[in-house]
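A.B. asks: Contents of target-v2.csv (CSV, C-alpha atoms) are given next:
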chain,number,residue,atom,x,y,z
Y,1,MET,CA,51.5,12.8,7.1
Y,2,ASN,CA,50.9,14.8,3.9
Y,3,LEU,CA,47.5,13.2,3.5
Y,4,TRP,CA,46.4,14.5,6.9
Y,5,ILE,CA,47.6,18.0,6.0
Y,6,VAL,CA,45.5,17.9,2.9
Y,7,ILE,CA,42.5,16.6,4.8
Y,8,ALA,CA,42.9,19.3,7.5
Y,9,ALA,CA,43.2,22.1,4.8
Y,10,MET,CA,40.1,20.9,3.0
Y,11,THR,CA,38.2,20.7,6.3
Y,12,VAL,CA,39.2,24.3,7.2
Y,13,VAL,CA,38.2,25.6,3.7
Y,14,ALA,CA,34.8,23.8,3.8
Y,15,ALA,CA,34.1,25.1,7.3
Y,16,ALA,CA,35.0,28.6,6.3
Y,17,ILE,CA,32.7,28.5,3.4
Y,18,LEU,CA,29.9,27.5,5.7
Y,19,LEU,CA,30.6,29.9,8.5
Y,20,LEU,CA,31.4,33.1,6.4
Y,21,PRO,CA,27.8,34.0,5.7
Y,22,LEU,CA,27.0,33.5,9.3
Y,23,VAL,CA,29.7,35.6,10.9
Y,24,ARG,CA,29.7,38.4,8.3
Y,25,ARG,CA,27.8,41.5,9.7
Y,26,ARG,CA,25.3,43.1,7.5
Y,27,THR,CA,26.1,46.8,6.7
Y,28,GLY,CA,22.6,47.7,5.5
Y,29,ALA,CA,19.8,46.8,3.2
Y,30,PRO,CA,20.6,46.0,-0.4
Y,31,ARG,CA,20.0,48.6,-3.2
Y,32,SER,CA,17.1,46.6,-4.6
Y,33,ALA,CA,15.2,46.9,-1.3
Y,34,PHE,CA,15.6,50.7,-1.4
Y,35,ASP,CA,14.5,51.0,-5.0
Y,36,LEU,CA,11.5,48.7,-4.3
Y,37,ALA,CA,10.3,51.1,-1.5
Y,38,VAL,CA,10.6,54.1,-3.8
Y,39,TYR,CA,8.6,52.4,-6.5
Y,40,ARG,CA,5.9,51.5,-4.0
Y,41,ASP,CA,5.6,55.1,-2.9
Y,42,GLN,CA,5.3,56.1,-6.5
Y,43,LEU,CA,2.4,53.7,-7.0
Y,44,ALA,CA,0.6,55.1,-4.0
Y,45,GLU,CA,1.1,58.6,-5.1
Y,46,LEU,CA,-0.1,57.7,-8.6
Y,47,ALA,CA,-3.3,56.2,-7.1
Y,48,ARG,CA,-3.9,59.4,-5.1
Y,49,ASP,CA,-3.5,61.6,-8.2
Y,50,GLU,CA,-5.8,59.5,-10.2
Y,51,ALA,CA,-8.4,59.6,-7.4
Y,52,ARG,CA,-8.2,63.5,-7.3
Y,53,GLY,CA,-8.6,63.6,-11.1
Y,54,LEU,CA,-5.2,65.0,-11.8
Y,55,LEU,CA,-4.4,62.2,-14.2
Y,56,ALA,CA,-6.6,60.8,-17.0
Y,57,GLY,CA,-7.2,57.0,-17.1
Y,58,ASP,CA,-4.9,56.4,-20.0
Y,59,GLU,CA,-2.1,58.4,-18.5
Y,60,ALA,CA,-2.5,56.7,-15.1
Y,61,ALA,CA,-2.4,53.3,-16.7
Y,62,ALA,CA,0.8,54.1,-18.7
Y,63,ALA,CA,2.5,55.4,-15.6
Y,64,ARG,CA,1.5,52.4,-13.5
Y,65,LEU,CA,2.8,50.0,-16.2
Y,66,GLU,CA,6.2,51.7,-16.2
Y,67,ILE,CA,6.5,51.6,-12.4
Y,68,GLU,CA,5.6,47.9,-12.4
Y,69,ARG,CA,8.2,47.2,-15.1
Y,70,ARG,CA,10.8,48.9,-12.9
Y,71,ILE,CA,9.7,46.8,-9.9
Y,72,LEU,CA,10.2,43.6,-11.9
Y,73,ALA,CA,13.6,44.8,-13.0
Y,74,THR,CA,14.8,44.9,-9.3
Y,75,GLY,CA,14.5,41.0,-9.3
Y,76,SER,CA,12.5,40.9,-6.1
Y,77,SER,CA,9.0,41.9,-5.0
Y,78,GLU,CA,9.6,41.3,-1.3
Y,79,PRO,CA,12.1,42.7,1.1
Y,80,PRO,CA,15.0,40.4,2.1
Y,81,ALA,CA,14.4,37.9,4.9
Y,82,ARG,CA,15.7,38.9,8.3
Y,83,PRO,CA,18.9,37.1,9.5
Y,84,GLY,CA,18.4,34.1,11.7
Y,85,SER,CA,18.5,34.3,15.5
Y,86,ARG,CA,21.7,34.2,17.5
Y,87,ARG,CA,20.9,30.7,18.7
Y,88,ALA,CA,20.4,29.4,15.1
Y,89,ARG,CA,23.8,30.9,14.1
Y,90,ILE,CA,25.5,29.3,17.0
Y,91,THR,CA,24.0,25.9,16.2
Y,92,LEU,CA,25.0,26.1,12.5
Y,93,MET,CA,28.6,27.1,13.5
Y,94,LEU,CA,28.8,24.0,15.9
Y,95,VAL,CA,27.5,21.7,13.1
Y,96,ALA,CA,30.1,23.1,10.6
Y,97,VAL,CA,33.0,22.6,13.1
Y,98,LEU,CA,32.0,19.4,14.8
Y,99,GLY,CA,30.8,17.6,11.6
Y,100,PRO,CA,34.2,17.2,10.0
Y,101,LEU,CA,35.7,16.3,13.3
Y,102,ALA,CA,33.2,13.5,13.8
Y,103,ALA,CA,33.8,12.2,10.3
Y,104,ILE,CA,37.5,12.0,10.9
Y,105,ALA,CA,37.0,10.2,14.2
Y,106,LEU,CA,34.7,7.7,12.6
Y,107,TYR,CA,37.2,7.1,9.8
Y,108,LEU,CA,40.0,6.5,12.2
Y,109,ASP,CA,37.9,4.0,14.2
Y,110,GLN,CA,36.2,2.1,11.3
Y,111,GLY,CA,38.4,2.8,8.3
Y,112,ALA,CA,41.8,1.7,7.2
Y,113,PRO,CA,44.0,4.9,7.0
Y,114,ARG,CA,47.2,2.9,6.8
Y,115,MET,CA,46.1,0.7,3.9
Y,116,PRO,CA,48.2,1.4,0.8
Y,117,GLY,CA,46.4,2.7,-2.3
Y,118,HIS,CA,45.5,0.4,-5.2
Y,119,PRO,CA,45.0,2.5,-8.3
Y,120,PHE,CA,42.6,1.3,-10.9
Y,121,ALA,CA,45.3,1.1,-13.5
Y,122,GLU,CA,47.2,-1.4,-11.3
Y,123,ARG,CA,44.1,-3.4,-10.6
Y,124,ALA,CA,43.4,-3.7,-14.3
Y,125,LYS,CA,46.9,-5.2,-14.8
Y,126,THR,CA,46.3,-7.8,-12.1
Y,127,PRO,CA,45.5,-11.1,-13.8
Y,128,SER,CA,42.1,-12.7,-12.8
Y,129,THR,CA,42.5,-16.4,-12.8
Y,130,PRO,CA,40.3,-19.1,-11.2
Y,131,GLU,CA,43.1,-19.7,-8.7
Y,132,ALA,CA,43.3,-16.0,-7.8
Y,133,ASN,CA,39.5,-15.8,-7.5
Y,134,GLU,CA,39.4,-18.9,-5.3
Y,135,ALA,CA,42.1,-17.4,-3.1
Y,136,LYS,CA,40.1,-14.2,-2.7
Y,137,ILE,CA,37.0,-16.2,-1.7
Y,138,ALA,CA,39.0,-18.3,0.7
Y,139,ALA,CA,40.3,-15.1,2.3
Y,140,MET,CA,36.8,-13.7,2.7
Y,141,VAL,CA,35.5,-17.0,4.1
Y,142,ALA,CA,38.4,-17.0,6.6
Y,143,LYS,CA,37.4,-13.5,7.7
Y,144,LEU,CA,33.8,-14.6,8.1
Y,145,ALA,CA,34.8,-17.6,10.2
Y,146,GLU,CA,36.9,-15.4,12.4
Y,147,ARG,CA,34.0,-13.0,12.9
Y,148,LEU,CA,31.6,-15.8,13.8
Y,149,ASN,CA,34.0,-17.0,16.5
Y,150,ASN,CA,32.7,-14.0,18.4
Y,151,ALA,CA,29.1,-14.3,17.2
Y,152,PRO,CA,28.0,-17.8,18.0
Y,153,GLY,CA,24.3,-16.9,17.7
Y,154,ASP,CA,24.5,-15.4,14.2
Y,155,LEU,CA,22.3,-17.9,12.4
Y,156,ASP,CA,22.6,-16.3,8.9
Y,157,GLY,CA,26.3,-16.0,9.3
Y,158,TRP,CA,26.8,-19.7,10.2
Y,159,THR,CA,24.5,-20.8,7.3
Y,160,LEU,CA,26.5,-18.6,4.9
Y,161,LEU,CA,29.7,-20.1,6.2
Y,162,GLY,CA,28.5,-23.6,5.6
Y,163,ARG,CA,27.5,-22.8,2.0
Y,164,SER,CA,30.8,-21.1,1.4
Y,165,TYR,CA,32.8,-24.1,2.7
Y,166,MET,CA,30.8,-26.3,0.3
Y,167,ALA,CA,31.7,-24.0,-2.6
Y,168,LEU,CA,35.4,-24.4,-1.6
Y,169,ALA,CA,35.0,-28.2,-1.3
Y,170,ARG,CA,35.9,-28.0,2.4
Y,171,TYR,CA,33.2,-30.5,3.4
Y,172,ASP,CA,34.2,-31.4,6.9
Y,173,GLU,CA,34.2,-27.7,7.9
Y,174,ALA,CA,30.9,-27.2,6.0
Y,175,ALA,CA,29.3,-30.0,8.0
Y,176,ALA,CA,30.5,-28.4,11.3
Y,177,ALA,CA,29.1,-25.0,10.2
Y,178,PHE,CA,25.7,-26.5,9.3
Y,179,THR,CA,25.6,-28.5,12.5
Y,180,HIS,CA,26.1,-25.2,14.5
Y,181,ALA,CA,23.4,-23.5,12.4
Y,182,ALA,CA,21.0,-26.3,12.9
Y,183,SER,CA,21.5,-26.1,16.6
Y,184,LEU,CA,20.5,-22.4,16.5
Y,185,ASN,CA,17.3,-23.3,14.5
Y,186,PRO,CA,16.3,-26.9,15.1
Y,187,THR,CA,13.1,-26.6,13.1
Y,188,ASP,CA,14.7,-25.7,9.8
Y,189,ALA,CA,15.0,-28.9,7.8
Y,190,SER,CA,17.2,-27.3,5.2
Y,191,LEU,CA,20.0,-26.8,7.7
Y,192,GLN,CA,19.8,-30.5,8.6
Y,193,ALA,CA,19.9,-31.4,4.9
Y,194,GLY,CA,23.0,-29.1,4.4
Y,195,GLN,CA,24.7,-30.9,7.2
Y,196,GLY,CA,23.9,-34.3,5.8
Y,197,GLU,CA,25.0,-33.4,2.2
Y,198,ALA,CA,28.3,-32.1,3.5
Y,199,LEU,CA,28.9,-35.5,5.3
Y,200,VAL,CA,28.1,-37.3,2.0
Y,201,PHE,CA,30.6,-35.3,0.1
Y,202,ALA,CA,33.2,-35.6,2.8
Y,203,ALA,CA,32.8,-39.4,2.5
Y,204,LYS,CA,33.2,-39.2,-1.3
Y,205,GLY,CA,29.6,-39.9,-2.2
Y,206,ILE,CA,28.8,-42.5,0.5
Y,207,VAL,CA,25.7,-41.9,2.6
Y,208,THR,CA,27.2,-42.8,5.9
Y,209,PRO,CA,25.1,-43.9,8.9
Y,210,ALA,CA,25.6,-40.5,10.4
Y,211,ALA,CA,24.5,-38.8,7.3
Y,212,ARG,CA,21.5,-41.0,7.0
Y,213,ASP,CA,20.4,-40.2,10.6
Y,214,VAL,CA,20.7,-36.5,9.7
Y,215,PHE,CA,18.5,-36.9,6.6
Y,216,GLU,CA,15.9,-38.8,8.6
Y,217,ALA,CA,15.9,-36.1,11.2
Y,218,ALA,CA,15.3,-33.5,8.5
Y,219,LEU,CA,12.4,-35.5,7.0
Y,220,ALA,CA,10.9,-35.8,10.4
Y,221,ILE,CA,10.8,-31.9,10.4
Y,222,ASP,CA,9.7,-31.6,6.8
Y,223,PRO,CA,8.7,-34.8,4.9
Y,224,LYS,CA,9.0,-32.9,1.6
Y,225,GLU,CA,12.6,-31.6,2.1
Y,226,PRO,CA,14.0,-32.4,-1.4
Y,227,ARG,CA,17.7,-33.0,-0.7
Y,228,SER,CA,17.0,-35.3,2.2
Y,229,ARG,CA,14.6,-37.3,0.0
Y,230,PHE,CA,17.2,-37.6,-2.7
Y,231,TYR,CA,20.0,-38.7,-0.5
Y,232,SER,CA,17.7,-41.2,1.3
Y,233,GLY,CA,17.1,-42.8,-2.1
Y,234,LEU,CA,20.9,-42.9,-2.7
Y,235,ALA,CA,21.3,-44.5,0.7
Y,236,SER,CA,18.8,-47.2,-0.4
Y,237,ILE,CA,20.8,-47.9,-3.5
Y,238,GLN,CA,24.0,-48.3,-1.5
Y,239,ALA,CA,22.2,-50.6,0.9
Y,240,GLY,CA,21.2,-52.9,-2.0
Y,241,GLU,CA,17.6,-51.6,-2.3
Y,242,PRO,CA,17.4,-50.0,-5.7
Y,243,LYS,CA,13.7,-50.4,-6.1
Y,244,ALA,CA,13.0,-48.5,-3.0
Y,245,ALA,CA,15.3,-45.8,-4.3
Y,246,LEU,CA,13.5,-45.7,-7.6
Y,247,ALA,CA,10.2,-45.3,-5.9
Y,248,ALA,CA,11.5,-42.5,-3.7
Y,249,TRP,CA,13.1,-40.6,-6.6
Y,250,GLU,CA,10.1,-41.0,-8.9
Y,251,ALA,CA,7.9,-39.5,-6.2
Y,252,LEU,CA,10.3,-36.6,-5.7
Y,253,ALA,CA,10.4,-35.9,-9.5
Y,254,ALA,CA,6.6,-36.0,-9.7
Y,255,GLU,CA,6.1,-33.7,-6.7
Y,256,GLY,CA,8.9,-31.2,-7.4
Y,257,PRO,CA,8.4,-28.0,-9.4
Y,258,ALA,CA,8.5,-28.5,-13.2
Y,259,ASP,CA,11.2,-25.8,-13.5
Y,260,ALA,CA,13.4,-27.0,-10.6
Y,261,PRO,CA,17.1,-26.7,-11.7
Y,262,TRP,CA,17.8,-30.1,-10.2
Y,263,LEU,CA,15.0,-32.0,-12.0
Y,264,PRO,CA,17.1,-32.8,-15.2
Y,265,GLU,CA,19.8,-34.4,-13.1
Y,266,LEU,CA,17.3,-36.3,-11.0
Y,267,ASN,CA,15.6,-37.6,-14.1
Y,268,ARG,CA,19.0,-38.7,-15.5
Y,269,GLN,CA,19.6,-40.7,-12.3
Y,270,ILE,CA,16.2,-42.2,-12.5
Y,271,ALA,CA,16.8,-43.3,-16.1
Y,272,LYS,CA,20.2,-44.8,-15.2
Y,273,LEU,CA,18.7,-46.7,-12.3
Y,274,LYS,CA,15.9,-48.1,-14.4
Y,275,GLU,CA,18.4,-49.2,-17.0
Y,276,SER,CA,20.4,-51.0,-14.3
Y,277,LEU,CA,17.3,-52.7,-12.9
Y,278,ALA,CA,16.2,-53.8,-16.4
Y,279,GLY,CA,19.7,-55.3,-17.1
Y,280,GLU,CA,19.7,-57.0,-13.7
Y,281,SER,CA,16.2,-58.7,-14.3
Y,282,LYS,CA,17.4,-60.1,-17.7
Y,283,GLU,CA,20.5,-61.7,-16.1
Y,284,THR,CA,18.6,-63.2,-13.2
Y,285,PRO,CA,17.2,-66.8,-13.9
Y,286,GLU,CA,13.4,-66.9,-13.6
Y,287,LYS,CA,13.4,-69.7,-11.0
Y,288,SER,CA,16.3,-68.4,-9.0
Y,289,PRO,CA,15.4,-66.1,-6.1
Y,290,PRO,CA,16.8,-62.6,-6.2
Y,291,ASN,CA,20.3,-62.4,-4.6
Y,292,LYS,CA,21.0,-59.0,-3.2
Y,293,SER,CA,24.6,-59.8,-2.7
Y,294,SER,CA,25.1,-60.5,-6.4
Y,295,ASP,CA,27.8,-58.6,-8.3
Y,296,SER,CA,25.1,-56.7,-10.4
Y,297,ALA,CA,23.5,-55.2,-7.3
Y,298,PRO,CA,24.9,-51.9,-5.9
Y,299,ARG,CA,27.0,-52.5,-2.9
Y,300,ARG,CA,26.9,-50.3,0.3
Y,301,ASP,CA,30.6,-49.7,0.1
Y,302,ALA,CA,30.6,-48.9,-3.6
Y,303,PRO,CA,30.4,-45.1,-4.1
Y,304,PRO,CA,28.7,-43.7,-7.3
Y,305,GLU,CA,30.8,-42.3,-10.1
Y,306,ALA,CA,30.5,-38.9,-8.4
Y,307,PRO,CA,28.2,-37.5,-5.8
Y,308,PRO,CA,25.0,-36.7,-7.8
Y,309,GLU,CA,23.8,-33.2,-7.7
Y,310,ALA,CA,21.0,-33.2,-5.1
Y,311,PRO,CA,18.1,-30.7,-5.0
Y,312,PRO,CA,19.8,-27.6,-3.5
Y,313,GLU,CA,18.3,-25.4,-1.0
Y,314,ALA,CA,19.8,-22.4,-2.8
Y,315,PRO,CA,23.0,-21.7,-4.8
Y,316,PRO,CA,26.1,-21.2,-2.7
Y,317,GLU,CA,26.5,-17.5,-2.0
Y,318,ALA,CA,29.7,-15.6,-1.9
Y,319,PRO,CA,30.4,-14.3,1.6
Do you think you could lay out the structure here as structure tokens?
C.D. replies:
Amino acid sequence: MNLWIVIAAMTVVAAAILLLPLVRRRTGAPRSAFDLAVYRDQLAELARDEARGLLAGDEAAAARLEIERRILATGSSEPPARPGSRRARITLMLVAVLGPLAAIALYLDQGAPRMPGHPFAERAKTPSTPEANEAKIAAMVAKLAERLNNAPGDLDGWTLLGRSYMALARYDEAAAAFTHAASLNPTDASLQAGQGEALVFAAKGIVTPAARDVFEAALAIDPKEPRSRFYSGLASIQAGEPKAALAAWEALAAEGPADAPWLPELNRQIAKLKESLAGESKETPEKSPPNKSSDSAPRRDAPPEAPPEAPPEAPPEAP
């Protein structure tokens, strides 16, 4: 209650300051305007005397210089502007009164007048830990998800929600968000790739048949989509086709940007795969046909040590 009394008092004072010059009646012209008129009459009289020969040139010049000095001392060479019209004064008065009222109404509608204060000194004492930061992010993501329930057509919002869920390791929810975003823009291969990547992480690194279908759909839209190419190679390894994966990854490394942030990780995966293939060829007898079901070959149901870092569309953004 005290807060609103202070706000009302400040509003009244501000309005009074704005309105006082408008409502105060003028009692007459200022002194400087009167003096200026006198000095101008003196200049005119001096010019007439000089024309009749009553003053010599030097005397007239000295007198004119003194009068001009006095004109400058008044601080103005023009008479004051006339006050504005009655309509202009009324308009300004309405603005001065209605402006603060409109601001208060907007604050009551969009602001949070009942929220308690949180001084900076108290905020500085609040510890900032990874758990606390993650809790704040989770709260913001929950608020975003709640808003999107009433905005099913917000493509940017659903894309951001999917990235945010990925950052929080909530992969099933990320997959659902990317699926919704992809339905809003079926021609964006990166949204399909985000959906497939979330499915892979939800399956603890396994490229499931559902995820593989999603990556194939993304590549049908954009054959150069990097994440889909990476995970398709990973799917080949898990299907017992490491050479196909090596060819796919080497092509991706050769065609990708030289400064791509994911390139070092991809090259590490390529080197690791080459080493595995070299060891496998040494252990296989020359006359024995290759056996894809041997223990040295990657199995479909054997997940990698951890889901490798695929070429990202963009770093996850905070909501």
A.B. asks: Please, what distance in Å, to one decimal, runs between CA of Ala253 in chain Y and CA of Arg227 in chain Y?
C.D. replies: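 For CA of Ala253 in chain Y relative to CA of Arg227 in chain Y, the distance reads 11.8 Å.
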A.B. asks: Got a sec to check which residues sit within 10 Å of (18.2, -38.5, -0.9), counting all atoms listed in the file, and write them as a list in words?
C.D. replies: Ala193, Gly196, Glu197, Val207, Arg212, Phe215, Glu216, Glu225, Pro226, Arg227, Ser228, Arg229, Phe230, Tyr231, Ser232, Gly233, Leu234, Ala235, Ser236, Ala245, Ala248, Trp249, Leu252, Pro308, Ala310 and Pro311 of chain Y
A.B. asks: Keeping only C-alpha atoms, take the residues you just selected and write them out as a short mmCIF file (atom, residue, chain, number, x, y, z; two decimals), keeping the file's coordinate frame.
C.D. replies:
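That gives us selection28.cif:
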data_model
loop_
_atom_site.label_atom_id
_atom_site.label_comp_id
_atom_site.auth_asym_id
_atom_site.auth_seq_id
_atom_site.Cartn_x
_atom_site.Cartn_y
_atom_site.Cartn_z
CA ALA Y 193 19.90 -31.40 4.90
CA GLY Y 196 23.90 -34.30 5.80
CA GLU Y 197 25.00 -33.40 2.20
CA VAL Y 207 25.70 -41.90 2.60
CA ARG Y 212 21.50 -41.00 7.00
CA PHE Y 215 18.50 -36.90 6.60
CA GLU Y 216 15.90 -38.80 8.60
CA GLU Y 225 12.60 -31.60 2.10
CA PRO Y 226 14.00 -32.40 -1.40
CA ARG Y 227 17.70 -33.00 -0.70
CA SER Y 228 17.00 -35.30 2.20
CA ARG Y 229 14.60 -37.30 0.00
CA PHE Y 230 17.20 -37.60 -2.70
CA TYR Y 231 20.00 -38.70 -0.50
CA SER Y 232 17.70 -41.20 1.30
CA GLY Y 233 17.10 -42.80 -2.10
CA LEU Y 234 20.90 -42.90 -2.70
CA ALA Y 235 21.30 -44.50 0.70
CA SER Y 236 18.80 -47.20 -0.40
CA ALA Y 245 15.30 -45.80 -4.30
CA ALA Y 248 11.50 -42.50 -3.70
CA TRP Y 249 13.10 -40.60 -6.60
CA LEU Y 252 10.30 -36.60 -5.70
CA PRO Y 308 25.00 -36.70 -7.80
CA ALA Y 310 21.00 -33.20 -5.10
CA PRO Y 311 18.10 -30.70 -5.00
#
A.B. asks: Do you know which residues are at most 6 Å from range 158-164 of chain Y counting only C-alpha atoms, after dropping those on the same chain fewer than 6 positions away, and could you put them as number ranges by chain?
C.D. replies: Y: 174, 177-178, 181, 316
A.B. asks: When distances are computed from all atoms listed in the file, which of Y:Ile237, Y:Ala247, Y:Leu43, Y:Glu146 shows the smallest separation from Gly205 in chain Y?
C.D. replies: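 Closest to Gly205 in chain Y of all the choices is Y:Ile237.
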A.B. asks: Of the candidates Y:Leu46, Y:Ala60, Y:Ala167, Y:Ala175, which shows the shortest atom-to-atom distance to Val214 in chain Y, using all atoms listed in the file?
C.D. replies: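 With all atoms listed in the file as the atom set, the closest residue is Y:Ala175.
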